[in-house]
$ cat protein12.txt   # compact mmCIF, C-alpha atoms
# COMPACT_ATOMS: atom_id res chain seq x y z
CA MET A 9 -22.32 2.96 8.33
CA ALA A 10 -21.75 1.55 11.82
CA ASN A 11 -21.44 4.02 14.64
CA TYR A 12 -17.84 4.28 15.79
CA ALA A 13 -18.36 7.02 18.37
CA SER A 14 -15.92 5.44 20.78
CA GLN A 15 -13.20 5.45 18.13
CA ARG A 16 -13.93 9.09 17.33
CA SER A 17 -13.57 9.92 21.03
CA ARG A 18 -10.26 8.06 21.10
CA LEU A 19 -9.07 9.97 18.05
CA GLN A 20 -9.91 13.28 19.65
CA SER A 21 -8.17 12.33 22.89
CA MET A 22 -4.89 11.60 21.08
CA SER A 23 -4.04 15.28 20.76
CA PRO A 24 -3.41 17.62 23.71
CA PRO A 25 -6.15 20.18 24.37
CA ARG A 26 -5.72 23.42 22.44
CA ARG A 27 -7.06 26.87 23.08
CA ALA A 28 -10.16 27.68 21.12
CA ASP A 29 -9.44 29.73 18.01
CA PRO A 30 -12.82 30.72 16.53
CA GLU A 31 -11.37 32.01 13.25
CA LEU A 32 -9.27 28.90 12.74
CA GLU A 33 -12.28 26.73 13.52
CA ARG A 34 -14.36 28.65 10.99
CA VAL A 35 -11.77 28.34 8.23
CA THR A 36 -11.15 24.68 9.08
CA GLY A 37 -14.88 24.07 8.80
CA LEU A 38 -14.86 25.58 5.30
CA LEU A 39 -11.93 23.37 4.29
CA VAL A 40 -13.48 20.18 5.68
CA ARG A 41 -16.75 20.98 3.93
CA ALA A 42 -14.84 21.46 0.68
CA VAL A 43 -13.25 18.02 1.11
CA ARG A 44 -16.62 16.44 1.88
CA GLU A 45 -18.37 18.02 -1.09
CA TRP A 46 -15.45 17.13 -3.37
CA PHE A 47 -15.46 13.49 -2.30
CA GLU A 48 -19.23 13.16 -2.64
CA ALA A 49 -19.05 14.57 -6.16
CA GLU A 50 -16.04 12.54 -7.30
CA SER A 51 -17.12 9.23 -5.78
CA ARG A 52 -20.64 9.34 -7.19
CA GLY A 53 -21.25 6.23 -9.27
CA ARG A 54 -18.11 4.46 -8.06
CA GLU A 55 -18.59 1.24 -6.08
CA ILE A 56 -15.17 1.57 -4.44
CA ALA A 57 -13.59 5.02 -4.28
CA ILE A 58 -10.65 4.16 -2.03
CA GLY A 59 -8.18 5.51 -4.62
CA ILE A 60 -9.97 8.86 -4.68
CA ALA A 61 -9.94 9.03 -0.86
CA ASN A 62 -6.24 8.15 -0.80
CA GLY A 63 -5.58 10.86 -3.38
CA GLY A 64 -7.33 13.32 -1.09
CA LEU A 65 -5.13 12.29 1.84
CA HIS A 66 -2.02 12.93 -0.25
CA LEU A 67 -3.19 16.29 -1.55
CA VAL A 68 -3.86 17.43 2.01
CA GLU A 69 -0.27 16.39 2.83
CA CYS A 70 0.81 18.88 0.16
CA PHE A 71 -1.50 21.49 1.71
CA ARG A 72 0.50 21.18 4.94
CA VAL A 73 3.63 22.57 3.30
CA ALA A 74 2.40 24.66 0.38
CA PHE A 75 -0.62 26.88 -0.19
CA PRO A 76 -2.09 27.90 -2.55
CA LEU A 77 -1.54 24.57 -4.30
CA SER A 78 -0.12 24.29 -7.80
CA SER A 79 -0.04 21.21 -10.03
CA GLU A 80 3.71 20.91 -9.41
CA ASP A 81 2.94 20.24 -5.73
CA PHE A 82 0.85 17.11 -6.31
CA ALA A 83 1.41 15.88 -9.90
CA SER A 84 4.33 13.73 -11.00
CA ARG A 85 6.93 15.17 -13.37
CA ARG A 86 5.11 13.85 -16.44
CA ALA A 87 1.75 14.88 -14.97
CA SER A 88 0.55 11.29 -15.31
CA GLN A 89 -0.17 10.46 -11.70
CA VAL A 90 -0.44 11.84 -8.18
CA LYS A 91 3.02 12.42 -6.73
CA GLY A 92 3.94 9.86 -4.07
CA LEU A 93 0.56 8.10 -4.20
CA SER A 94 0.68 4.49 -3.01
CA GLY A 95 -1.10 2.17 -0.63
CA PRO A 96 1.78 2.12 1.92
CA SER A 97 2.07 5.92 1.92
CA GLY A 98 -1.67 6.13 2.58
CA ASP A 99 -1.26 3.60 5.39
CA ARG A 100 1.36 5.82 7.00
CA ILE A 101 -0.99 8.81 6.97
CA ILE A 102 -3.84 6.76 8.41
CA ALA A 103 -1.57 5.38 11.15
CA ARG A 104 -1.08 8.89 12.53
CA PHE A 105 -4.78 8.92 13.41
CA LEU A 106 -5.71 5.28 13.88
CA LYS A 107 -3.47 2.47 15.08
CA GLY A 108 -4.27 -1.08 14.06
CA MET A 109 -6.01 -0.45 10.75
CA SER A 110 -5.51 -2.96 7.95
CA SER A 111 -3.64 -1.79 4.89
CA ILE A 112 -5.74 0.03 2.32
CA GLY A 113 -3.89 -2.09 -0.22
CA THR A 114 -2.16 -1.53 -3.53
CA GLU A 115 -5.44 -0.76 -5.30
CA ALA A 116 -5.60 2.51 -3.36
CA GLY A 117 -2.26 3.50 -4.85
CA ARG A 118 -3.10 2.85 -8.47
CA THR A 119 -3.66 6.02 -10.42
CA SER A 120 -6.55 5.60 -12.82
CA ARG A 121 -7.19 8.17 -15.51
CA GLY A 122 -9.66 9.88 -13.20
CA THR A 123 -7.55 10.08 -10.04
CA LEU A 124 -5.19 12.93 -10.95
CA PRO A 125 -7.96 15.14 -12.41
CA ALA A 126 -10.06 14.47 -9.28
CA VAL A 127 -7.17 15.51 -7.03
CA GLY A 128 -6.71 18.62 -9.17
CA LEU A 129 -10.35 19.53 -8.59
CA LEU A 130 -9.84 19.25 -4.82
CA ALA A 131 -6.84 21.55 -5.13
CA ASP A 132 -9.05 24.05 -6.95
CA ARG A 133 -11.70 23.86 -4.22
CA LEU A 134 -9.15 24.44 -1.46
CA ASN A 135 -7.46 27.26 -3.39
CA GLY A 136 -10.86 28.90 -3.72
CA ILE A 137 -11.12 29.39 0.04
CA ALA A 138 -9.44 32.77 0.30
CA GLU A 139 -9.50 32.79 4.10
CA ALA A 140 -7.11 29.81 4.15
CA ARG A 141 -4.31 31.93 2.65
CA SER A 142 -3.82 33.76 5.93
CA LEU A 143 -3.24 30.59 7.98
CA THR A 144 0.15 30.19 9.60
CA PRO A 145 2.05 26.92 8.96
CA ARG A 146 0.97 25.62 12.37
CA GLN A 147 -2.67 26.52 11.75
CA ARG A 148 -2.50 24.95 8.30
CA ALA A 149 -1.21 21.73 9.87
CA ARG A 150 -4.13 21.70 12.31
CA ALA A 151 -6.60 22.26 9.48
CA ALA A 152 -4.92 19.48 7.48
CA ASP A 153 -5.41 17.12 10.43
CA GLU A 154 -9.14 17.77 10.39
CA MET A 155 -9.44 17.28 6.63
CA GLN A 156 -7.58 14.00 6.78
CA ARG A 157 -9.55 12.96 9.85
CA TRP A 158 -12.78 13.43 7.87
CA LEU A 159 -11.49 11.25 5.02
CA ILE A 160 -10.42 8.51 7.42
CA GLU A 161 -13.56 8.59 9.56
CA ASN A 162 -15.88 8.52 6.55
CA PRO A 163 -14.94 7.08 3.13
CA ILE A 164 -11.94 5.09 4.34
CA LYS A 165 -13.78 3.51 7.25
CA ALA A 166 -16.75 2.90 4.97
CA TYR A 167 -14.41 1.06 2.60
CA PHE A 168 -13.24 -1.25 5.38
CA GLN A 169 -16.84 -1.70 6.49
CA ARG A 170 -17.54 -3.24 3.07
CA GLN A 171 -14.57 -5.57 3.48
CA LYS A 172 -16.05 -7.63 6.32
CA LEU A 173 -14.83 -11.18 6.77
CA ALA A 174 -17.17 -13.60 5.01
CA PRO A 175 -16.24 -17.14 6.14
CA SER A 176 -18.22 -20.14 4.96
CA LEU A 177 -20.63 -20.86 7.82
CA ASP A 178 -23.19 -23.66 7.96
CA PRO A 179 -25.28 -24.63 11.01
CA ARG A 180 -25.33 -28.24 9.79
CA ARG A 181 -21.59 -28.54 10.40
CA ALA A 182 -19.99 -29.06 13.79
CA THR A 183 -19.55 -25.73 15.53
CA ALA A 184 -15.78 -26.28 15.74
CA ALA A 185 -15.71 -26.60 11.94
CA ASN A 186 -17.36 -23.19 11.64
CA VAL A 187 -14.72 -21.74 13.96
CA VAL A 188 -12.08 -23.27 11.68
CA SER A 189 -13.71 -21.46 8.73
CA ILE A 190 -13.62 -18.15 10.60
CA LEU A 191 -9.94 -18.50 11.47
CA SER A 192 -9.07 -19.66 7.95
CA ALA A 193 -10.75 -16.62 6.39
CA ALA A 194 -8.92 -14.38 8.86
CA ARG A 195 -5.58 -16.06 8.09
CA GLU A 196 -5.99 -15.28 4.40
CA ARG A 197 -6.12 -11.58 5.29
CA ASN A 198 -3.45 -11.72 7.99
CA GLN A 199 -6.06 -10.96 10.64
CA ALA A 200 -6.12 -14.27 12.51
CA GLY A 201 -4.63 -12.88 15.73
CA PRO A 202 -7.27 -10.23 16.49
CA VAL A 203 -10.11 -12.41 15.16
CA ALA A 204 -9.12 -15.33 17.41
CA GLN A 205 -8.85 -13.02 20.43
CA HIS A 206 -12.30 -11.52 19.90
CA VAL A 207 -13.95 -14.88 19.09
CA VAL A 208 -12.72 -16.21 22.44
CA GLY A 209 -13.83 -13.00 24.17
CA ALA A 210 -17.28 -13.33 22.61
CA LYS A 211 -17.52 -16.97 23.70
CA LEU A 212 -16.63 -16.06 27.28
CA ALA A 213 -19.17 -13.20 27.25
CA LEU A 214 -21.83 -15.61 25.95
CA ARG A 215 -20.93 -18.27 28.50
CA PHE A 216 -20.78 -15.85 31.46
CA PRO A 217 -23.48 -13.24 30.76
CA ASP A 218 -23.42 -11.94 34.35
CA MET A 219 -19.67 -11.29 34.29
CA SER A 220 -17.81 -8.38 32.73
CA ILE A 221 -15.39 -9.90 30.21
CA GLU A 222 -12.58 -7.48 29.40
CA ASN A 223 -12.49 -6.13 25.87
CA PHE A 224 -9.16 -4.68 24.73
CA GLY A 225 -7.99 -3.93 21.22
CA TYR A 226 -5.56 -6.46 19.78
CA SER A 227 -2.75 -3.91 19.69
CA ALA A 228 -3.15 -3.33 23.45
CA ALA A 229 -0.97 -6.33 24.20
CA ASP A 230 -0.58 -7.54 27.77
CA ALA A 231 3.22 -7.50 27.37
CA ALA A 232 3.47 -4.33 29.43
CA GLY A 233 2.64 -6.44 32.48
CA LYS A 234 -0.46 -4.48 33.47
CA ARG A 235 -2.71 -7.46 32.70
CA PRO A 236 -2.10 -11.14 33.45
CA GLY A 237 -3.37 -12.16 30.01
CA ASP A 238 -6.00 -11.53 27.35
CA PHE A 239 -8.92 -12.45 29.64
CA VAL A 240 -9.30 -13.19 33.34
CA VAL A 241 -12.24 -15.21 34.66
CA ASN A 242 -12.03 -15.61 38.44
CA ARG A 243 -8.59 -17.26 38.93
CA ALA A 244 -8.19 -18.45 35.33
CA VAL A 245 -6.12 -16.44 32.86
CA PHE A 246 -6.67 -16.95 29.14
CA HIS A 247 -3.91 -16.34 26.58
CA VAL A 248 -5.04 -16.47 22.93
CA THR A 249 -2.37 -16.76 20.26
CA MET A 250 -2.12 -18.05 16.71
CA ALA A 251 1.67 -18.24 17.00
CA PRO A 252 2.64 -19.70 20.41
CA SER A 253 6.13 -18.86 21.60
CA MET A 254 8.42 -18.99 24.62
CA LEU A 255 7.27 -15.46 25.49
CA VAL A 256 3.65 -16.46 26.09
CA LEU A 257 4.76 -19.55 28.01
CA ARG A 258 6.87 -17.35 30.28
CA LYS A 259 3.72 -15.28 30.93
CA CYS A 260 1.93 -18.51 31.86
CA LYS A 261 4.77 -19.30 34.26
CA ARG A 262 4.30 -15.88 35.90
CA ASN A 263 0.56 -16.55 36.15
CA ILE A 264 1.25 -19.75 38.11
CA ARG A 265 3.63 -17.90 40.40
CA ASP A 266 0.94 -15.25 41.00
CA GLY A 267 -1.68 -17.83 41.93
CA TYR A 268 -3.59 -17.99 38.63
CA ARG A 269 -4.44 -20.97 36.47
CA PRO A 270 -3.24 -20.20 32.92
CA LEU A 271 -5.12 -21.52 29.91
CA LEU A 272 -3.28 -21.18 26.60
CA LEU A 273 -5.52 -21.26 23.51
CA VAL A 274 -3.77 -22.04 20.22
CA PRO A 275 -4.78 -23.36 16.78
CA GLU A 276 -5.37 -27.11 16.65
CA ASP A 277 -2.36 -27.61 14.38
CA ARG A 278 -0.07 -25.90 16.90
CA LYS A 279 -1.32 -27.68 20.00
CA ALA A 280 1.12 -30.63 19.99
CA GLY A 281 4.18 -28.43 19.37
CA THR A 282 3.08 -25.99 22.09
CA THR A 283 2.65 -28.85 24.55
CA GLN A 284 6.19 -30.05 23.86
CA MET A 285 7.53 -26.51 24.27
CA ALA A 286 5.72 -26.18 27.61
CA GLU A 287 7.12 -29.48 28.84
CA SER A 288 10.64 -28.38 27.91
CA MET A 289 10.14 -25.36 30.20
CA GLY A 290 8.96 -27.50 33.07
CA LEU A 291 5.32 -26.52 32.64
CA GLY A 292 3.23 -29.63 33.04
CA PRO A 293 -0.19 -30.09 34.63
CA GLU A 294 -0.31 -26.51 35.90
CA ILE A 295 -1.05 -25.13 32.44
CA GLY A 296 -3.97 -25.98 30.18
CA ILE A 297 -3.21 -25.97 26.44
CA LEU A 298 -6.41 -26.08 24.40
CA ALA A 299 -7.29 -25.76 20.73
CA ILE A 300 -9.19 -22.55 20.00
CA GLU A 301 -11.56 -24.38 17.64
CA ALA A 302 -12.48 -27.04 20.20
CA PHE A 303 -12.64 -24.62 23.14
CA VAL A 304 -15.16 -22.37 21.38
CA GLY A 305 -17.03 -25.07 19.47
CA GLN A 306 -17.65 -27.59 22.23
CA ASN A 307 -18.68 -24.94 24.72
CA LEU A 308 -21.17 -23.47 22.26
CA GLU A 309 -22.78 -26.83 21.65
CA GLU A 310 -23.13 -27.36 25.40
CA ILE A 311 -24.70 -23.90 25.84
CA ALA A 312 -27.11 -24.73 22.99
CA GLU A 313 -27.94 -28.01 24.73
CA PHE A 314 -27.02 -29.66 21.43
CA GLN A 315 -29.83 -28.06 19.45
CA GLU A 316 -30.42 -24.87 17.43
CA PHE A 317 -26.70 -24.48 16.77
CA GLY A 318 -27.28 -21.88 14.05
CA ARG A 319 -29.05 -19.43 16.33
CA LEU A 320 -26.37 -19.66 19.00
CA LEU A 321 -23.60 -19.25 16.41
CA ARG A 322 -25.40 -16.14 15.18
CA ARG A 323 -25.54 -14.83 18.74
CA LEU A 324 -21.83 -15.51 19.19
CA LEU A 325 -21.03 -13.53 16.03
CA GLU A 326 -23.32 -10.66 17.05
CA ILE A 327 -21.46 -10.42 20.36
CA TYR A 328 -18.16 -10.69 18.48
CA ASN A 329 -19.11 -7.82 16.14
CA ASP A 330 -20.23 -5.65 19.06
CA ARG A 331 -16.95 -6.23 20.86
CA VAL A 332 -14.87 -5.55 17.74
CA ALA A 333 -16.76 -2.31 17.07
CA GLN A 334 -16.05 -1.18 20.64
CA ALA A 335 -12.36 -2.10 20.76
CA GLU A 336 -10.91 -2.00 17.24
CA PRO A 337 -10.50 0.85 14.76
CA ASP A 338 -10.62 -1.57 11.81
CA PRO A 339 -14.18 -2.42 10.63
CA SER A 340 -12.82 -5.11 8.27
CA LEU A 341 -12.47 -7.35 11.35
CA LEU A 342 -16.27 -7.57 11.53
CA ILE A 343 -17.85 -10.83 10.34
CA GLU A 344 -20.67 -11.01 7.79
CA ILE A 345 -23.44 -13.06 9.38
CA PRO A 346 -25.35 -15.17 6.81
CA ASP A 347 -29.13 -15.44 7.00
CA ARG A 348 -28.97 -19.25 7.06
CA LEU A 349 -27.80 -19.15 10.68
CA GLY A 350 -31.38 -18.37 11.72
CA ARG A 351 -32.67 -15.68 14.05
$ encode --input "protein12.txt" --output "structure tokens"
Amino acid sequence: MANYASQRSRLQSMSPPRRADPELERVTGLLVRAVREWFEAESRGREIAIGIANGGLHLVECFRVAFPLSSEDFASRRASQVKGLSGPSGDRIIARFLKGMSSIGTEAGRTSRGTLPAVGLLADRLNGIAEARSLTPRQRARAADEMQRWLIENPIKAYFQRQKLAPSLDPRRATAANVVSILSAARERNQAGPVAQHVVGAKLALRFPDMSIENFGYSAADAAGKRPGDFVVNRAVFHVTMAPSMLVLRKCKRNIRDGYRPLLLVPEDRKAGTTQMAESMGLGPEIGILAIEAFVGQNLEEIAEFQEFGRLLRRLLEIYNDRVAQAEPDPSLLIEIPDRLGR
């Protein structure tokens, strides 16, 4: 599994510092170990155990409010499924720890014949930790956070790691066509916005290796006004969007007022409409409106000196993956790099 140490640090920094409580830490360690051992046992032999992990998240939600756990706490009235288990409810739990994760999907909410018994076994493991019975409600909530954190940081992130984008890439095609394939694959999963942003960031980092190209998560929008745009290179400000609007054009207008040259990068099929919108706002030659596909593709071919396109495309994607791993909590934004791109 990829190392997401920076995300772990961000997770830990989300909560205010607490006084050390050695006994609580000891009991929490026992509970987390029980969750880990349970998941390892129940997921053995399963290619995708996202439903089991989601069941664990929901059982720990029950642990927050009731302990010891009884079947009435986590089983539906007919004892046929885990109470409240669904993909969206799992998403809501995950969002408390990690912003910007993709949905774990409806599959994670389906109760197979093995899900409820597996959740029951976790309840038995937790109930078997006698020291946990003396925890106060507040301490139990803190222990629950750590158990859920383990599930999110390990099996759930591992699941998304296996869901990398796998666009059709071929070094024999024009580089812009490969960028089209990347954006198309991202569109199918509703991930085109962050993918486009990080592809452009990777291209800028490749083009200007001696410059520090900013790397922010997609959810850290520049709307707060702290940044002029997605990327700043000298006096140029880059805005990357798959859905151009008046809002981003107003930002471009502010850039001009502040002495920057704005460059708005949009999909090829939105370029003409965006140009008309800009003209209606009185934005003419001061703003550059470019197609993302052409901006990335043509520049790559020039850097490659019109040879060995596959190797340079591979390098672009390696930089892209590094930047995504640093800035995003969602490993499914990573791109699978095919061997045919060369090394």
$ atom_distance --input "protein12.txt" --atom1 "atom CA of A:Ala61" --atom2 "atom CA of A:Ala28"
28.8 Å
$ closest_residue --input "protein12.txt" --among "A:Phe239, A:Phe317, A:Phe82, A:Phe47" --to "A:Ala213" --atoms "all atoms listed in the file"
A:Phe239
$ closest_atom_pairs --input "protein12.txt" --of "stretch 36-132 of chain A" --to "stretch 155-161 of chain A" --cutoff "9 Å" --atoms "all atoms listed in the file" --output "Markdown table"
| residue | atom | partner | partner_atom | distance |
| --- | --- | --- | --- | --- |
| A:Thr36 | CA | A:Met155 | CA | 8.0 |
| A:Gly37 | CA | A:Met155 | CA | 9.0 |
| A:Leu39 | CA | A:Met155 | CA | 7.0 |
| A:Val40 | CA | A:Met155 | CA | 5.1 |
| A:Arg41 | CA | A:Met155 | CA | 8.6 |
| A:Val43 | CA | A:Met155 | CA | 6.7 |
| A:Arg44 | CA | A:Trp158 | CA | 7.7 |
| A:Phe47 | CA | A:Leu159 | CA | 8.6 |
| A:Ala61 | CA | A:Leu159 | CA | 6.5 |
| A:Asn62 | CA | A:Leu159 | CA | 8.4 |
| A:Gly64 | CA | A:Leu159 | CA | 7.7 |
| A:Leu65 | CA | A:Gln156 | CA | 5.8 |
| A:Val68 | CA | A:Gln156 | CA | 7.0 |
| A:Glu69 | CA | A:Gln156 | CA | 8.6 |
| A:Ile101 | CA | A:Gln156 | CA | 8.4 |
| A:Ile102 | CA | A:Ile160 | CA | 6.9 |
| A:Phe105 | CA | A:Arg157 | CA | 7.2 |
| A:Leu106 | CA | A:Ile160 | CA | 8.6 |
$ atom_distance --input "protein12.txt" --atom1 "atom CA of A:Leu173" --atom2 "atom CA of A:Glu336"
14.5 Å
$ closest_residue --input "protein12.txt" --among "A:Ser110, A:Gln334, A:Gln306, A:Gln284" --to "A:Asn186" --atoms "only C-alpha atoms"
A:Gln306
$ atom_distance --input "protein12.txt" --atom1 "atom CA of A:Ser253" --atom2 "atom CA of A:Asn223"
23.0 Å
$ closest_residue --input "protein12.txt" --among "A:Glu344, A:Glu33, A:Asp338, A:Glu326" --to "A:Lys172" --atoms "only C-alpha atoms"
A:Glu344
$ closest_residue --input "protein12.txt" --among "A:Pro293, A:Gly63, A:Gly122, A:Pro202" --to "A:Lys91" --atoms "only C-alpha atoms"
A:Gly63
$ closest_residue --input "protein12.txt" --among "A:Asp218, A:Val256, A:Asp347, A:Leu341" --to "A:Arg195" --atoms "all atoms listed in the file"
A:Leu341
$ closest_residue --input "protein12.txt" --among "A:Arg197, A:His247, A:Lys259, A:Arg180" --to "A:Arg319" --atoms "only C-alpha atoms"
A:Arg180
$ residues_around --input "protein12.txt" --residues "stretch 127-139 of chain A" --least-positions-apart "2" --cutoff "7 Å" --atoms "all atoms listed in the file" --output "MDAnalysis selection string"
chainID A and resid 35 39 42:43 46 63:64 67 76:77 123:125 141:142
$ residues_around --input "protein12.txt" --residues "A:Gln147" --least-positions-apart "3" --cutoff "12 Å" --atoms "all atoms listed in the file" --output "list of chain:residue names"
A:Arg26, A:Asp29, A:Pro30, A:Glu31, A:Leu32, A:Glu33, A:Arg34, A:Val35, A:Thr36, A:Phe71, A:Arg72, A:Val73, A:Ala140, A:Arg141, A:Ser142, A:Leu143, A:Thr144, A:Arg150, A:Ala151, A:Ala152, A:Asp153, A:Glu154
$ residues_around --input "protein12.txt" --residues "A:Phe168" --least-positions-apart "3" --cutoff "8 Å" --atoms "only C-alpha atoms" --output "PyMOL selection string"
chain A and resi 164-165+171-172+338-340
$ residues_around --input "protein12.txt" --residues "A:Glu294" --least-positions-apart "5" --cutoff "8 Å" --atoms "all atoms listed in the file" --output "ChimeraX atom specification"
/A:264,269-270
$ residues_around --input "protein12.txt" --residues "A:Leu324" --least-positions-apart "3" --cutoff "7 Å" --atoms "all atoms listed in the file" --output "PyMOL selection string"
chain A and resi 210-211+214+320-321+327-328
$ write_last_selection --input "protein12.txt" --atoms "C-alpha atoms" --output "PDB file, in the frame of the given file"
ATOM      1  CA  ALA A 210     -17.280 -13.330  22.610  1.00  0.00           C
ATOM      2  CA  LYS A 211     -17.520 -16.970  23.700  1.00  0.00           C
ATOM      3  CA  LEU A 214     -21.830 -15.610  25.950  1.00  0.00           C
ATOM      4  CA  LEU A 320     -26.370 -19.660  19.000  1.00  0.00           C
ATOM      5  CA  LEU A 321     -23.600 -19.250  16.410  1.00  0.00           C
ATOM      6  CA  ILE A 327     -21.460 -10.420  20.360  1.00  0.00           C
ATOM      7  CA  TYR A 328     -18.160 -10.690  18.480  1.00  0.00           C
TER       8      TYR A 328
END
